[in-house]
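File shown: input-v4.txt (compact mmCIF, C-alpha atoms and all ligand atoms).
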```
# COMPACT_ATOMS: atom_id res chain seq x y z
CA MET S 1 9.31 -5.11 -17.08
CA ASP S 2 7.03 -2.29 -16.01
CA GLN S 3 7.25 -0.31 -12.77
CA ILE S 4 4.59 -2.34 -10.95
CA GLU S 5 6.39 -5.57 -11.86
CA ASN S 6 9.72 -4.07 -10.74
CA LEU S 7 8.29 -3.01 -7.38
CA THR S 8 6.54 -6.35 -6.89
CA SER S 9 9.76 -8.19 -7.65
CA SER S 10 11.79 -6.02 -5.24
CA ILE S 11 9.26 -6.57 -2.45
CA ARG S 12 9.24 -10.33 -3.15
CA ASP S 13 13.06 -10.42 -2.99
CA PHE S 14 13.04 -8.39 0.25
CA ALA S 15 10.71 -10.95 1.87
CA LYS S 16 12.60 -13.93 0.45
CA ASN S 17 15.99 -12.63 1.63
CA ARG S 18 14.66 -12.39 5.18
CA ASP S 19 12.84 -15.74 5.04
CA TRP S 20 9.56 -13.93 5.64
CA GLU S 21 7.62 -15.68 2.87
CA LYS S 22 6.22 -18.13 5.41
CA PHE S 23 4.54 -15.23 7.20
CA HIS S 24 3.09 -13.74 4.02
CA THR S 25 -0.15 -15.68 3.83
CA PRO S 26 -3.04 -13.83 2.19
CA LYS S 27 -4.74 -13.58 5.58
CA ASN S 28 -1.69 -12.05 7.26
CA LEU S 29 -1.09 -9.65 4.39
CA ALA S 30 -4.73 -8.50 4.39
CA MET S 31 -4.43 -7.86 8.12
CA ALA S 32 -1.16 -5.99 7.59
CA ILE S 33 -2.87 -3.77 4.99
CA ALA S 34 -5.61 -2.96 7.49
CA GLY S 35 -3.02 -2.17 10.17
CA GLU S 36 -1.02 0.11 7.90
CA ALA S 37 -4.21 1.80 6.69
CA GLY S 38 -4.92 2.54 10.35
CA GLU S 39 -1.45 4.07 10.73
CA LEU S 40 -2.12 6.22 7.67
CA ALA S 41 -5.47 7.36 9.08
CA ALA S 42 -3.80 8.14 12.42
CA GLU S 43 -1.58 10.69 10.66
CA PHE S 44 -4.75 12.68 9.91
CA GLN S 45 -6.40 12.18 13.27
CA TRP S 46 -7.42 15.48 14.91
CA LEU S 47 -6.54 17.58 11.88
CA THR S 48 -9.28 19.83 10.56
CA PRO S 49 -10.44 19.06 7.01
CA GLU S 50 -8.59 22.15 5.79
CA GLY S 51 -5.53 21.27 7.86
CA SER S 52 -5.22 17.96 6.06
CA ASN S 53 -4.53 19.66 2.71
CA SER S 54 -0.98 19.32 1.45
CA ASP S 55 -0.30 23.07 1.60
CA GLN S 56 -1.14 23.04 5.33
CA LEU S 57 1.07 20.10 6.29
CA SER S 58 4.67 20.40 7.45
CA ASP S 59 7.39 18.70 5.46
CA GLU S 60 7.87 16.26 8.34
CA LYS S 61 4.14 15.43 8.45
CA LEU S 62 4.05 14.94 4.69
CA LYS S 63 7.01 12.59 4.96
CA ASP S 64 5.27 10.54 7.66
CA ILE S 65 2.14 10.34 5.48
CA ARG S 66 4.19 9.43 2.41
CA LEU S 67 5.87 6.57 4.28
CA GLU S 68 2.51 5.23 5.54
CA ILE S 69 1.16 5.35 1.99
CA ALA S 70 4.21 3.30 1.01
CA ASP S 71 3.56 0.78 3.81
CA VAL S 72 -0.01 0.22 2.60
CA GLN S 73 1.10 -0.02 -1.01
CA ILE S 74 3.94 -2.44 -0.26
CA TYR S 75 1.54 -4.86 1.42
CA LEU S 76 -0.99 -4.41 -1.40
CA PHE S 77 1.66 -5.32 -3.96
CA ARG S 78 2.75 -8.27 -1.84
CA LEU S 79 -0.82 -9.58 -1.42
CA ALA S 80 -1.45 -9.25 -5.15
CA ASP S 81 1.81 -11.10 -5.84
CA VAL S 82 1.00 -13.96 -3.47
CA LEU S 83 -2.48 -14.33 -4.98
CA GLY S 84 -1.29 -13.96 -8.59
CA VAL S 85 -3.34 -10.82 -9.14
CA ASN S 86 -2.22 -8.44 -11.90
CA VAL S 87 -2.67 -5.08 -10.16
CA ALA S 88 -2.92 -2.99 -13.34
CA GLN S 89 -5.54 -5.33 -14.81
CA ALA S 90 -7.48 -5.39 -11.53
CA VAL S 91 -7.54 -1.58 -11.37
CA LEU S 92 -8.68 -1.30 -14.98
CA GLU S 93 -11.35 -3.95 -14.37
CA LYS S 94 -12.64 -2.09 -11.31
CA MET S 95 -12.57 1.31 -13.04
CA GLU S 96 -14.66 -0.15 -15.86
CA ILE S 97 -17.18 -1.40 -13.28
CA ASN S 98 -17.16 2.06 -11.62
CA GLU S 99 -17.75 3.75 -15.00
CA GLY S 100 -20.95 1.76 -15.32
CA ARG S 101 -22.07 2.44 -11.76
CA PHE S 102 -21.45 6.14 -11.25
MG MG D 201 3.48 2.01 8.95
```

With the file now loaded, output its structure as structure tokens.
Amino acid sequence: MDQIENLTSSIRDFAKNRDWEKFHTPKNLAMAIAGEAGELAAEFQWLTPEGSNSDQLSDEKLKDIRLEIADVQIYLFRLADVLGVNVAQAVLEKMEINEGRF
């Protein structure tokens, strides 16, 4: 089992153990991704472009950003799982499309 499958399985078990699967419709998960993406963006709100670079951020700020990245990624893995999307294949497919476009 690769790392993506391991993470997907852990997130699935987390939801199942809390009886949250009923809430994890694709619509709700897509909305959760948007909400968490907003929380990630809020971490950068009011920073200058230079101030957003990693060497300018405090350890505490970097931790907050890291945890918001995790929130977005957790919901992305969960949405992919619910829809039966293979994340690695989807990324490779999209990168191939991008190679042809740019
Ligand atoms: Mg969050």

**OP:** Could you pull out the residues sitting within 12 Å of ligand MG 201 (chain D), using only C-alpha atoms and all ligand atoms, and write them as a PyMOL selection string?
**Re:** chain S and resi 32-43+63-75

Resulting file, chosen residues, C-alpha atoms, as a CSV table (one decimal), in the frame of the given file:
```
chain,number,residue,atom,x,y,z
S,32,ALA,CA,-1.2,-6.0,7.6
S,33,ILE,CA,-2.9,-3.8,5.0
S,34,ALA,CA,-5.6,-3.0,7.5
S,35,GLY,CA,-3.0,-2.2,10.2
S,36,GLU,CA,-1.0,0.1,7.9
S,37,ALA,CA,-4.2,1.8,6.7
S,38,GLY,CA,-4.9,2.5,10.4
S,39,GLU,CA,-1.4,4.1,10.7
S,40,LEU,CA,-2.1,6.2,7.7
S,41,ALA,CA,-5.5,7.4,9.1
S,42,ALA,CA,-3.8,8.1,12.4
S,43,GLU,CA,-1.6,10.7,10.7
S,63,LYS,CA,7.0,12.6,5.0
S,64,ASP,CA,5.3,10.5,7.7
S,65,ILE,CA,2.1,10.3,5.5
S,66,ARG,CA,4.2,9.4,2.4
S,67,LEU,CA,5.9,6.6,4.3
S,68,GLU,CA,2.5,5.2,5.5
S,69,ILE,CA,1.2,5.4,2.0
S,70,ALA,CA,4.2,3.3,1.0
S,71,ASP,CA,3.6,0.8,3.8
S,72,VAL,CA,0.0,0.2,2.6
S,73,GLN,CA,1.1,0.0,-1.0
S,74,ILE,CA,3.9,-2.4,-0.3
S,75,TYR,CA,1.5,-4.9,1.4
```

**OP:** Using only C-alpha atoms, find the one residue out of S:Val87, S:Met95, S:Val82, S:Leu62 that sits nearest to Ala15 in chain S.
**Re:**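 The answer is S:Val82, which sits nearest to Ala15 in chain S.
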
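Relative to CA of Asp81 in chain S, CA of Leu7 in chain S is found at 10.5 Å.
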
**OP:** May I ask which of the residues S:Ile97, S:Val91, S:Leu79, S:Val85 is the closest one to Lys27 in chain S, counting all atoms listed in the file?
**Re:** S:Leu79

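With CA of Asp19 in chain S on one side and CA of Ile4 in chain S on the other, the separation reads 22.4 Å.
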
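Straight-line separation from CA of Leu76 in chain S to CA of Thr48 in chain S: 28.3 Å.
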
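Nearest residue to Phe23 in chain S, choosing from S:Ser9, S:Asp2, S:Leu92, S:Arg78 and counting all atoms listed in the file: S:Arg78.
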
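Candidate residues S:Ala88, S:Ala80, S:Gly100, S:Glu93 were compared for distance to Thr8 in chain S, and the nearest is S:Ala80, using all atoms listed in the file.
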
I'd like the box whose edges run along x, y and z of the file and which contains every listed atom of range 46-58 of chain S, padded by 3 Å per side; could you state its centre and edge lengths in Å, one decimal, as JSON?
```
{"center_x": -2.9, "center_y": 19.3, "center_z": 8.2, "size_x": 21.1, "size_y": 13.6, "size_z": 19.5}
```
